[in-house]
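J.: The following file, run-v6.pdb, comprises PDB, C-alpha atoms, pLDDT in the B column:
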MODEL        1
ATOM      1  CA  MET U   1      44.525   5.544  23.975  1.00 95.00           C
ATOM      2  CA  LYS U   2      43.758   3.126  26.830  1.00 98.00           C
ATOM      3  CA  ASN U   3      45.139  -0.400  26.775  1.00 98.00           C
ATOM      4  CA  ILE U   4      42.586  -3.082  27.643  1.00 98.00           C
ATOM      5  CA  VAL U   5      43.342  -6.714  28.482  1.00 98.00           C
ATOM      6  CA  ILE U   6      40.354  -9.077  28.379  1.00 98.00           C
ATOM      7  CA  LEU U   7      40.241 -12.351  30.310  1.00 98.00           C
ATOM      8  CA  ILE U   8      38.000 -15.182  29.130  1.00 98.00           C
ATOM      9  CA  SER U   9      37.449 -18.857  29.844  1.00 98.00           C
ATOM     10  CA  GLY U  10      35.255 -19.975  26.932  1.00 97.00           C
ATOM     11  CA  ARG U  11      33.744 -18.643  23.734  1.00 96.00           C
ATOM     12  CA  GLY U  12      34.115 -15.037  24.860  1.00 97.00           C
ATOM     13  CA  SER U  13      30.877 -13.605  23.482  1.00 98.00           C
ATOM     14  CA  ASN U  14      31.190 -10.545  25.716  1.00 98.00           C
ATOM     15  CA  MET U  15      34.782 -10.147  24.566  1.00 98.00           C
ATOM     16  CA  GLN U  16      33.521 -10.218  20.984  1.00 98.00           C
ATOM     17  CA  ALA U  17      30.914  -7.569  21.805  1.00 98.00           C
ATOM     18  CA  LEU U  18      33.642  -5.319  23.214  1.00 98.00           C
ATOM     19  CA  VAL U  19      35.899  -5.751  20.200  1.00 98.00           C
ATOM     20  CA  GLU U  20      33.096  -5.190  17.708  1.00 98.00           C
ATOM     21  CA  ALA U  21      31.912  -2.064  19.539  1.00 98.00           C
ATOM     22  CA  ASP U  22      35.112  -0.342  18.356  1.00 97.00           C
ATOM     23  CA  ILE U  23      35.195   1.821  21.474  1.00 98.00           C
ATOM     24  CA  PRO U  24      36.853   5.210  20.872  1.00 97.00           C
ATOM     25  CA  ASN U  25      40.347   5.554  22.359  1.00 98.00           C
ATOM     26  CA  ALA U  26      40.369   1.892  23.436  1.00 98.00           C
ATOM     27  CA  ASN U  27      43.075  -0.517  22.335  1.00 98.00           C
ATOM     28  CA  ILE U  28      42.295  -4.190  22.920  1.00 98.00           C
ATOM     29  CA  ALA U  29      45.877  -5.099  23.734  1.00 98.00           C
ATOM     30  CA  ALA U  30      45.363  -8.800  24.441  1.00 98.00           C
ATOM     31  CA  VAL U  31      42.891 -11.567  25.172  1.00 98.00           C
ATOM     32  CA  LEU U  32      44.092 -14.060  27.790  1.00 98.00           C
ATOM     33  CA  SER U  33      42.562 -17.252  29.114  1.00 98.00           C
ATOM     34  CA  ASN U  34      43.003 -19.897  31.789  1.00 98.00           C
ATOM     35  CA  ASN U  35      41.702 -22.423  29.247  1.00 98.00           C
ATOM     36  CA  PRO U  36      43.984 -23.246  26.300  1.00 97.00           C
ATOM     37  CA  ASP U  37      40.963 -24.595  24.401  1.00 97.00           C
ATOM     38  CA  ALA U  38      38.823 -21.468  24.849  1.00 98.00           C
ATOM     39  CA  ALA U  39      37.082 -20.794  21.542  1.00 97.00           C
ATOM     40  CA  GLY U  40      37.377 -17.056  22.091  1.00 98.00           C
ATOM     41  CA  LEU U  41      41.166 -17.216  21.673  1.00 98.00           C
ATOM     42  CA  ALA U  42      40.872 -18.306  18.040  1.00 98.00           C
ATOM     43  CA  TRP U  43      38.284 -15.583  17.400  1.00 98.00           C
ATOM     44  CA  ALA U  44      40.613 -12.923  18.826  1.00 98.00           C
ATOM     45  CA  GLN U  45      43.589 -14.264  16.861  1.00 98.00           C
ATOM     46  CA  SER U  46      41.570 -14.048  13.654  1.00 97.00           C
ATOM     47  CA  ARG U  47      41.218 -10.325  14.283  1.00 97.00           C
ATOM     48  CA  GLY U  48      44.900  -9.727  14.923  1.00 98.00           C
ATOM     49  CA  ILE U  49      44.643  -9.453  18.709  1.00 98.00           C
ATOM     50  CA  ALA U  50      47.477 -10.862  20.821  1.00 98.00           C
ATOM     51  CA  THR U  51      46.434 -13.926  22.814  1.00 98.00           C
ATOM     52  CA  ALA U  52      47.883 -16.233  25.440  1.00 98.00           C
ATOM     53  CA  ALA U  53      46.649 -19.088  27.593  1.00 98.00           C
ATOM     54  CA  LEU U  54      47.884 -20.045  31.045  1.00 98.00           C
ATOM     55  CA  ASN U  55      46.329 -23.326  32.109  1.00 97.00           C
ATOM     56  CA  HIS U  56      45.443 -22.960  35.783  1.00 97.00           C
ATOM     57  CA  ARG U  57      45.906 -26.718  36.216  1.00 96.00           C
ATOM     58  CA  ASP U  58      49.637 -26.239  35.637  1.00 97.00           C
ATOM     59  CA  TYR U  59      50.011 -24.248  38.866  1.00 98.00           C
ATOM     60  CA  PRO U  60      50.147 -25.598  42.421  1.00 97.00           C
ATOM     61  CA  ASP U  61      47.527 -23.234  43.802  1.00 97.00           C
ATOM     62  CA  ARG U  62      45.315 -20.266  43.021  1.00 97.00           C
ATOM     63  CA  ALA U  63      47.870 -17.724  44.229  1.00 98.00           C
ATOM     64  CA  ALA U  64      50.599 -19.060  41.965  1.00 98.00           C
ATOM     65  CA  PHE U  65      48.300 -18.977  38.955  1.00 98.00           C
ATOM     66  CA  ASP U  66      47.149 -15.448  39.707  1.00 98.00           C
ATOM     67  CA  ARG U  67      50.736 -14.217  40.018  1.00 98.00           C
ATOM     68  CA  ALA U  68      51.607 -15.775  36.658  1.00 98.00           C
ATOM     69  CA  MET U  69      48.510 -14.242  35.081  1.00 98.00           C
ATOM     70  CA  MET U  70      49.355 -10.834  36.554  1.00 98.00           C
ATOM     71  CA  ALA U  71      52.853 -11.030  35.055  1.00 98.00           C
ATOM     72  CA  GLN U  72      51.374 -11.881  31.657  1.00 98.00           C
ATOM     73  CA  ILE U  73      48.763  -9.121  31.869  1.00 98.00           C
ATOM     74  CA  ASP U  74      51.308  -6.503  32.892  1.00 98.00           C
ATOM     75  CA  THR U  75      53.425  -7.059  29.793  1.00 98.00           C
ATOM     76  CA  HIS U  76      50.623  -5.220  27.982  1.00 98.00           C
ATOM     77  CA  GLN U  77      50.649  -2.214  30.353  1.00 98.00           C
ATOM     78  CA  PRO U  78      46.877  -2.305  30.896  1.00 98.00           C
ATOM     79  CA  ASP U  79      44.806   0.691  31.875  1.00 98.00           C
ATOM     80  CA  LEU U  80      41.867  -1.676  32.326  1.00 98.00           C
ATOM     81  CA  VAL U  81      41.479  -5.421  32.869  1.00 98.00           C
ATOM     82  CA  VAL U  82      38.104  -6.822  31.837  1.00 98.00           C
ATOM     83  CA  LEU U  83      36.681 -10.107  33.120  1.00 98.00           C
ATOM     84  CA  ALA U  84      34.469 -11.320  30.283  1.00 98.00           C
ATOM     85  CA  GLY U  85      33.348 -14.754  31.394  1.00 96.00           C
ATOM     86  CA  PHE U  86      36.584 -15.500  33.250  1.00 97.00           C
ATOM     87  CA  MET U  87      35.535 -18.439  35.400  1.00 95.00           C
ATOM     88  CA  ARG U  88      38.067 -18.114  38.182  1.00 95.00           C
ATOM     89  CA  ILE U  89      37.749 -16.773  41.717  1.00 94.00           C
ATOM     90  CA  LEU U  90      40.495 -14.185  42.013  1.00 97.00           C
ATOM     91  CA  THR U  91      42.828 -13.816  44.970  1.00 97.00           C
ATOM     92  CA  PRO U  92      42.844 -10.616  47.037  1.00 97.00           C
ATOM     93  CA  GLU U  93      46.384  -9.966  45.759  1.00 97.00           C
ATOM     94  CA  PHE U  94      45.147  -9.947  42.161  1.00 98.00           C
ATOM     95  CA  CYS U  95      42.225  -7.671  42.974  1.00 97.00           C
ATOM     96  CA  ARG U  96      44.420  -5.226  44.892  1.00 97.00           C
ATOM     97  CA  HIS U  97      46.947  -5.114  42.059  1.00 98.00           C
ATOM     98  CA  TYR U  98      44.256  -3.947  39.609  1.00 98.00           C
ATOM     99  CA  GLU U  99      42.118  -2.005  42.074  1.00 96.00           C
ATOM    100  CA  SER U 100      39.758   0.444  40.348  1.00 96.00           C
ATOM    101  CA  ARG U 101      40.796  -0.849  36.926  1.00 97.00           C
ATOM    102  CA  LEU U 102      39.272  -4.328  37.063  1.00 98.00           C
ATOM    103  CA  ILE U 103      35.747  -4.710  35.662  1.00 98.00           C
ATOM    104  CA  ASN U 104      33.522  -7.796  35.672  1.00 98.00           C
ATOM    105  CA  ILE U 105      30.153  -8.683  34.186  1.00 98.00           C
ATOM    106  CA  HIS U 106      27.847 -10.959  36.146  1.00 98.00           C
ATOM    107  CA  PRO U 107      24.589 -12.537  34.904  1.00 98.00           C
ATOM    108  CA  SER U 108      22.290 -11.369  37.689  1.00 98.00           C
ATOM    109  CA  LEU U 109      21.030  -8.158  39.216  1.00 98.00           C
ATOM    110  CA  LEU U 110      23.558  -7.934  42.009  1.00 98.00           C
ATOM    111  CA  PRO U 111      23.545  -8.200  44.956  1.00 97.00           C
ATOM    112  CA  ALA U 112      21.101 -11.012  44.143  1.00 97.00           C
ATOM    113  CA  PHE U 113      22.488 -14.390  43.079  1.00 98.00           C
ATOM    114  CA  THR U 114      26.230 -14.045  43.387  1.00 97.00           C
ATOM    115  CA  GLY U 115      28.283 -16.983  42.171  1.00 96.00           C
ATOM    116  CA  LEU U 116      27.125 -19.677  39.763  1.00 96.00           C
ATOM    117  CA  HIS U 117      23.827 -21.029  38.355  1.00 97.00           C
ATOM    118  CA  THR U 118      22.225 -17.581  38.505  1.00 98.00           C
ATOM    119  CA  HIS U 119      19.459 -18.244  35.988  1.00 98.00           C
ATOM    120  CA  GLN U 120      18.191 -21.445  37.548  1.00 98.00           C
ATOM    121  CA  ARG U 121      18.301 -19.835  40.979  1.00 98.00           C
ATOM    122  CA  ALA U 122      16.247 -16.899  39.699  1.00 98.00           C
ATOM    123  CA  LEU U 123      13.658 -19.324  38.323  1.00 98.00           C
ATOM    124  CA  ASP U 124      13.621 -21.370  41.517  1.00 98.00           C
ATOM    125  CA  GLU U 125      12.950 -18.209  43.544  1.00 98.00           C
ATOM    126  CA  GLY U 126      10.075 -17.188  41.295  1.00 98.00           C
ATOM    127  CA  CYS U 127      11.680 -13.966  40.111  1.00 98.00           C
ATOM    128  CA  ARG U 128       9.717 -11.997  37.518  1.00 98.00           C
ATOM    129  CA  ILE U 129      12.724  -9.893  36.544  1.00 98.00           C
ATOM    130  CA  ALA U 130      16.301 -11.022  35.955  1.00 98.00           C
ATOM    131  CA  GLY U 131      19.273  -9.256  34.433  1.00 98.00           C
ATOM    132  CA  CYS U 132      22.969  -8.528  34.515  1.00 98.00           C
ATOM    133  CA  THR U 133      25.444  -6.268  36.268  1.00 98.00           C
ATOM    134  CA  VAL U 134      28.734  -4.633  35.305  1.00 98.00           C
ATOM    135  CA  HIS U 135      30.817  -3.803  38.365  1.00 98.00           C
ATOM    136  CA  PHE U 136      34.298  -3.078  39.586  1.00 98.00           C
ATOM    137  CA  ALA U 137      35.726  -6.369  40.860  1.00 97.00           C
ATOM    138  CA  THR U 138      37.022  -6.603  44.412  1.00 96.00           C
ATOM    139  CA  ALA U 139      38.319  -9.382  46.633  1.00 93.00           C
ATOM    140  CA  GLU U 140      34.756 -10.140  47.714  1.00 93.00           C
ATOM    141  CA  LEU U 141      33.058 -12.291  45.077  1.00 92.00           C
ATOM    142  CA  ASP U 142      30.596 -10.362  42.862  1.00 94.00           C
ATOM    143  CA  ASN U 143      30.489  -7.504  45.342  1.00 92.00           C
ATOM    144  CA  GLY U 144      32.154  -4.380  43.974  1.00 96.00           C
ATOM    145  CA  PRO U 145      30.811  -0.937  43.086  1.00 97.00           C
ATOM    146  CA  ILE U 146      28.095  -1.305  40.449  1.00 98.00           C
ATOM    147  CA  ILE U 147      28.645   0.494  37.139  1.00 98.00           C
ATOM    148  CA  ALA U 148      25.566  -0.546  35.166  1.00 97.00           C
ATOM    149  CA  GLN U 149      22.664  -2.981  35.236  1.00 98.00           C
ATOM    150  CA  ALA U 150      20.068  -4.163  32.750  1.00 98.00           C
ATOM    151  CA  ALA U 151      16.816  -5.978  33.536  1.00 98.00           C
ATOM    152  CA  VAL U 152      14.947  -8.500  31.403  1.00 98.00           C
ATOM    153  CA  PRO U 153      11.562 -10.150  32.037  1.00 98.00           C
ATOM    154  CA  VAL U 154      11.300 -13.725  33.250  1.00 98.00           C
ATOM    155  CA  LEU U 155       8.672 -15.467  31.139  1.00 98.00           C
ATOM    156  CA  ASP U 156       6.326 -18.180  32.362  1.00 97.00           C
ATOM    157  CA  ASN U 157       7.817 -20.773  30.023  1.00 98.00           C
ATOM    158  CA  ASP U 158      11.456 -19.866  30.632  1.00 98.00           C
ATOM    159  CA  THR U 159      14.144 -22.434  31.262  1.00 98.00           C
ATOM    160  CA  ALA U 160      17.587 -21.565  32.564  1.00 98.00           C
ATOM    161  CA  ASP U 161      18.848 -21.660  28.974  1.00 98.00           C
ATOM    162  CA  THR U 162      16.200 -19.368  27.485  1.00 98.00           C
ATOM    163  CA  LEU U 163      16.597 -16.914  30.328  1.00 98.00           C
ATOM    164  CA  ALA U 164      20.376 -17.019  29.953  1.00 98.00           C
ATOM    165  CA  ALA U 165      20.081 -16.140  26.264  1.00 98.00           C
ATOM    166  CA  ARG U 166      17.898 -13.125  27.028  1.00 98.00           C
ATOM    167  CA  VAL U 167      20.270 -11.922  29.746  1.00 98.00           C
ATOM    168  CA  LEU U 168      23.288 -12.428  27.489  1.00 98.00           C
ATOM    169  CA  ALA U 169      21.790 -10.137  24.860  1.00 98.00           C
ATOM    170  CA  ALA U 170      21.491  -7.458  27.544  1.00 98.00           C
ATOM    171  CA  GLU U 171      25.088  -8.065  28.619  1.00 98.00           C
ATOM    172  CA  HIS U 172      26.257  -7.362  25.091  1.00 98.00           C
ATOM    173  CA  GLN U 173      24.526  -3.967  25.278  1.00 98.00           C
ATOM    174  CA  ILE U 174      25.678  -2.676  28.653  1.00 98.00           C
ATOM    175  CA  PHE U 175      29.215  -4.064  28.771  1.00 98.00           C
ATOM    176  CA  PRO U 176      30.634  -1.996  25.881  1.00 98.00           C
ATOM    177  CA  ARG U 177      28.895   1.088  27.287  1.00 97.00           C
ATOM    178  CA  ALA U 178      30.493   0.589  30.696  1.00 98.00           C
ATOM    179  CA  VAL U 179      33.943   0.057  29.217  1.00 98.00           C
ATOM    180  CA  ALA U 180      33.509   3.115  26.991  1.00 98.00           C
ATOM    181  CA  ASP U 181      32.595   5.190  30.040  1.00 97.00           C
ATOM    182  CA  PHE U 182      35.716   3.968  31.856  1.00 98.00           C
ATOM    183  CA  VAL U 183      37.950   4.756  28.891  1.00 98.00           C
ATOM    184  CA  ALA U 184      36.434   8.230  28.605  1.00 97.00           C
ATOM    185  CA  GLY U 185      36.998   8.912  32.304  1.00 96.00           C
ATOM    186  CA  ARG U 186      33.303   9.215  33.065  1.00 96.00           C
ATOM    187  CA  LEU U 187      33.237   6.752  35.991  1.00 96.00           C
ATOM    188  CA  HIS U 188      34.048   7.923  39.506  1.00 94.00           C
ATOM    189  CA  ILE U 189      33.931   5.725  42.613  1.00 94.00           C
ATOM    190  CA  VAL U 190      32.511   7.513  45.639  1.00 94.00           C
ATOM    191  CA  GLY U 191      32.403   5.143  48.600  1.00 90.00           C
ATOM    192  CA  LYS U 192      30.547   2.080  47.323  1.00 90.00           C
ATOM    193  CA  ARG U 193      28.833   3.963  44.516  1.00 95.00           C
ATOM    194  CA  VAL U 194      29.926   4.643  40.958  1.00 97.00           C
ATOM    195  CA  ILE U 195      29.007   8.120  39.768  1.00 95.00           C
ATOM    196  CA  ARG U 196      28.729   8.406  35.990  1.00 89.00           C
ATOM    197  CA  GLN U 197      29.498  11.806  34.520  1.00 83.00           C
ATOM    198  CA  GLN U 198      26.979  12.683  31.842  1.00 72.00           C
ATOM    199  CA  PRO U 199      28.466  12.782  28.327  1.00 57.00           C
ATOM    200  CA  THR U 200      29.092  16.136  26.719  1.00 52.00           C
ATOM    201  CA  ALA U 201      29.425  17.195  23.107  1.00 49.00           C
ATOM    202  CA  GLU U 202      33.196  16.802  23.512  1.00 47.00           C
ATOM    203  CA  SER U 203      32.934  13.266  25.003  1.00 43.00           C
ATOM    204  CA  PRO U 204      29.748  11.591  23.780  1.00 42.00           C
ATOM    205  CA  ALA U 205      28.580   8.257  25.118  1.00 40.00           C
ATOM    206  CA  LEU U 206      29.143   5.178  22.997  1.00 38.00           C
ATOM    207  CA  LEU U 207      25.476   4.275  23.252  1.00 35.00           C
ATOM    208  CA  ALA U 208      22.580   6.659  23.700  1.00 28.00           C
TER     209      ALA U 208
ENDMDL
END
Write out the structure in this file as structure tokens.

T.:
Amino acid sequence: MKNIVILISGRGSNMQALVEADIPNANIAAVLSNNPDAAGLAWAQSRGIATAALNHRDYPDRAAFDRAMMAQIDTHQPDLVVLAGFMRILTPEFCRHYESRLINIHPSLLPAFTGLHTHQRALDEGCRIAGCTVHFATAELDNGPIIAQAAVPVLDNDTADTLAARVLAAEHQIFPRAVADFVAGRLHIVGKRVIRQQPTAESPALLA
């Protein structure tokens, strides 16, 4: 059984998708947030998952907050830390501490549109395809080995909000699959690439 700690900042819809996927051999040990008012905390509590909030505004700088968050995370002995809408730029110290066991989901087809406002930027650039990316997080923002991606069409009448909703639905599909592959030991980092071992009868994929 692999212990998973999920970090959120808001409603945590991707966190909910992970919990509801009921991934084999995965124990959602805790859901943590930098926002005490994050709606996702109440959702996790209602399902018996341990929660905690560390308000980043209570710390003098980013490094101090990250060290406090690391101490809180490590009480749960995580095999994997999942960034599910955690709206904080992480320090290199944090990323090194969880190297190769820190996964993020980003609402664009990386390496395009790192950072914020991805959907509006895709529309402004005239993209016909948008999407999302699950990747190992590193000290460089939105630039770690890519685990999985999903593409969605950009429609002529799309706004940033309608495109975001379509991308979010894709996120809810690929994120549990990526976490399931990590838990099953099917992901292997080779240089900057992630090699995914094909499932066998003994270790089937969560999603076909």

J.: Quick one: residues within 8 Å of range 20-35 of chain U, only C-alpha atoms counted, chain neighbours fewer than 2 positions away excluded, as a ChimeraX atom specification?

T.: /U:1-10,16-18,37-38,41,44,49-56,73,76,78,86,176,180,183-184,206

J.: In file coordinates, which residues lie within 10 Å of (20.7, -22.4, 35.1) using all atoms listed in the file, given as a list in words?

T.: Leu116, His117, Thr118, His119, Gln120, Arg121, Ala122, Leu123, Asp124, Thr159, Ala160, Asp161, Thr162, Leu163 and Ala164 of chain U

J.: Using all atoms listed in the file, pick whichever of U:Gly12, U:Arg177, U:Val154, U:Ile103 has the shortest atom-to-atom distance to Glu125 in chain U.

T.: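 Residue with the minimum atom-to-atom distance to Glu125 in chain U: U:Val154.
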
J.: Let me know the residues the PyMOL selection byres ((chain U and resi 170) around 9) catches in the file above, as a ChimeraX atom specification.

T.: /U:131-132,149-152,165-169,171-175

J.: How big is the axis-aligned box around all listed atoms of range 139-157 of chain U once 4 Å goes on each side, and where's its centre, in Å to one decimal, as AutoDock Vina command-line options?

T.:
--center_x 22.3 --center_y -10.1 --center_z 38.9 --size_x 40.0 --size_y 29.3 --size_z 25.7

J.: So, with all atoms listed in the file as the atoms that count, which of U:Ala42, U:Cys95, U:Leu102, U:Leu109 lies closest to Thr133 in chain U?

T.: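 Selected residue with least distance to Thr133 in chain U: U:Leu109.
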
J.: Specify as an NGL selection string each residue included when the PyMOL selection byres ((chain U and resi 92) around 12) is applied to this file.

T.: :U and (62-63 or 66-67 or 89-91 or 93-99 or 137-141)

J.: Distance CA of Tyr59 in chain U-CA of Gly144 in chain U, one decimal place?

T.: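 Going from CA of Tyr59 in chain U over to CA of Gly144 in chain U covers 27.2 Å.
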
J.: Suppose you want the space between CA of Ala39 in chain U and CA of Thr114 in chain U; what is it in Å?

T.: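 Computing it gives 25.3 Å between the two atoms.
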
J.: Find the spatial neighbours of Ile195 in chain U, counting all atoms listed in the file, within a cut-off of 12 Å - ignore same-chain residues fewer than 2 positions away - and output them as a ChimeraX atom specification.

T.: /U:145-148,178,181-182,185-193,197-198

J.: Could you jot down the CA of Phe65 in chain U to CA of Val82 in chain U separation for me, Å, one decimal place?

T.: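 Between these atoms lies a distance of 17.4 Å.
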
J.: Go through U:Gln72, U:Asn104, U:Gln77, U:Asn157 and flag the residue nearest Val179 in chain U, using only C-alpha atoms for the distances.

T.: U:Asn104

J.: When you count all atoms listed in the file, which of these residues is closest to Leu80 in chain U: U:Arg101, U:Arg11, U:Arg128, U:Arg196?

T.: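 Closest to Leu80 in chain U of all the choices is U:Arg101.
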
J.: For Gly126 in chain U, which of U:Leu110, U:Val81, U:Leu155, U:Val19 is the closest residue, counting only C-alpha atoms?

T.: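 Residue with the minimum atom-to-atom distance to Gly126 in chain U: U:Leu155.
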
J.: Considering all atoms listed in the file, state which residue in the set U:Gly115, U:Arg57, U:Thr75, U:Gly85 is at the smallest distance from Gly40 in chain U.

T.: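 Among the listed residues, U:Gly85 lies closest to Gly40 in chain U.
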
J.: Using the incomplete input, complete range 69-78 of chain U to the level of all heavy atoms; output as a compact mmCIF listing (two decimals), in the coordinates of the input.

T.:
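Produced file part-v2.txt, reproduced below:
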# COMPACT_ATOMS: atom_id res chain seq x y z
N MET U 69 49.42 -14.98 35.94
CA MET U 69 48.51 -14.24 35.08
C MET U 69 48.78 -12.74 35.18
O MET U 69 48.77 -12.03 34.16
CB MET U 69 47.06 -14.56 35.44
CG MET U 69 46.03 -13.89 34.54
SD MET U 69 46.14 -14.36 32.79
CE MET U 69 45.23 -15.92 32.80
N MET U 70 49.04 -12.25 36.39
CA MET U 70 49.36 -10.83 36.55
C MET U 70 50.60 -10.45 35.76
O MET U 70 50.64 -9.40 35.10
CB MET U 70 49.55 -10.52 38.04
CG MET U 70 48.26 -10.50 38.85
SD MET U 70 48.54 -10.69 40.64
CE MET U 70 49.65 -9.34 40.97
N ALA U 71 51.62 -11.31 35.80
CA ALA U 71 52.85 -11.03 35.06
C ALA U 71 52.58 -10.97 33.56
O ALA U 71 53.11 -10.10 32.85
CB ALA U 71 53.90 -12.09 35.37
N GLN U 72 51.73 -11.88 33.08
CA GLN U 72 51.37 -11.88 31.66
C GLN U 72 50.56 -10.64 31.30
O GLN U 72 50.80 -10.00 30.27
CB GLN U 72 50.58 -13.15 31.33
CG GLN U 72 50.22 -13.31 29.87
CD GLN U 72 51.43 -13.58 28.99
OE1 GLN U 72 52.30 -14.35 29.37
NE2 GLN U 72 51.50 -12.94 27.84
N ILE U 73 49.59 -10.31 32.12
CA ILE U 73 48.76 -9.12 31.87
C ILE U 73 49.62 -7.87 31.81
O ILE U 73 49.48 -7.01 30.92
CB ILE U 73 47.68 -8.99 32.96
CG1 ILE U 73 46.64 -10.11 32.85
CG2 ILE U 73 46.99 -7.61 32.87
CD1 ILE U 73 45.71 -10.19 34.04
N ASP U 74 50.55 -7.75 32.76
CA ASP U 74 51.31 -6.50 32.89
C ASP U 74 52.28 -6.26 31.75
O ASP U 74 52.74 -5.12 31.56
CB ASP U 74 52.03 -6.49 34.24
CG ASP U 74 51.09 -6.26 35.41
OD1 ASP U 74 49.91 -5.92 35.17
OD2 ASP U 74 51.52 -6.43 36.57
N THR U 75 52.59 -7.30 30.97
CA THR U 75 53.42 -7.06 29.79
C THR U 75 52.72 -6.15 28.79
O THR U 75 53.37 -5.54 27.93
CB THR U 75 53.80 -8.38 29.10
OG1 THR U 75 52.62 -9.03 28.59
CG2 THR U 75 54.53 -9.32 30.05
N HIS U 76 51.40 -6.05 28.90
CA HIS U 76 50.62 -5.22 27.98
C HIS U 76 50.30 -3.84 28.55
O HIS U 76 49.55 -3.07 27.92
CB HIS U 76 49.32 -5.95 27.61
CG HIS U 76 49.56 -7.28 26.96
ND1 HIS U 76 49.95 -7.39 25.64
CD2 HIS U 76 49.49 -8.54 27.46
CE1 HIS U 76 50.09 -8.68 25.35
NE2 HIS U 76 49.82 -9.39 26.42
N GLN U 77 50.84 -3.53 29.72
CA GLN U 77 50.65 -2.21 30.35
C GLN U 77 49.18 -1.79 30.35
O GLN U 77 48.82 -0.75 29.80
CB GLN U 77 51.52 -1.16 29.66
CG GLN U 77 53.01 -1.48 29.73
CD GLN U 77 53.86 -0.42 29.05
OE1 GLN U 77 53.63 -0.05 27.89
NE2 GLN U 77 54.83 0.10 29.78
N PRO U 78 48.32 -2.57 31.00
CA PRO U 78 46.88 -2.31 30.90
C PRO U 78 46.42 -1.10 31.72
O PRO U 78 46.86 -0.90 32.85
CB PRO U 78 46.26 -3.59 31.45
CG PRO U 78 47.26 -4.06 32.46
CD PRO U 78 48.61 -3.74 31.86
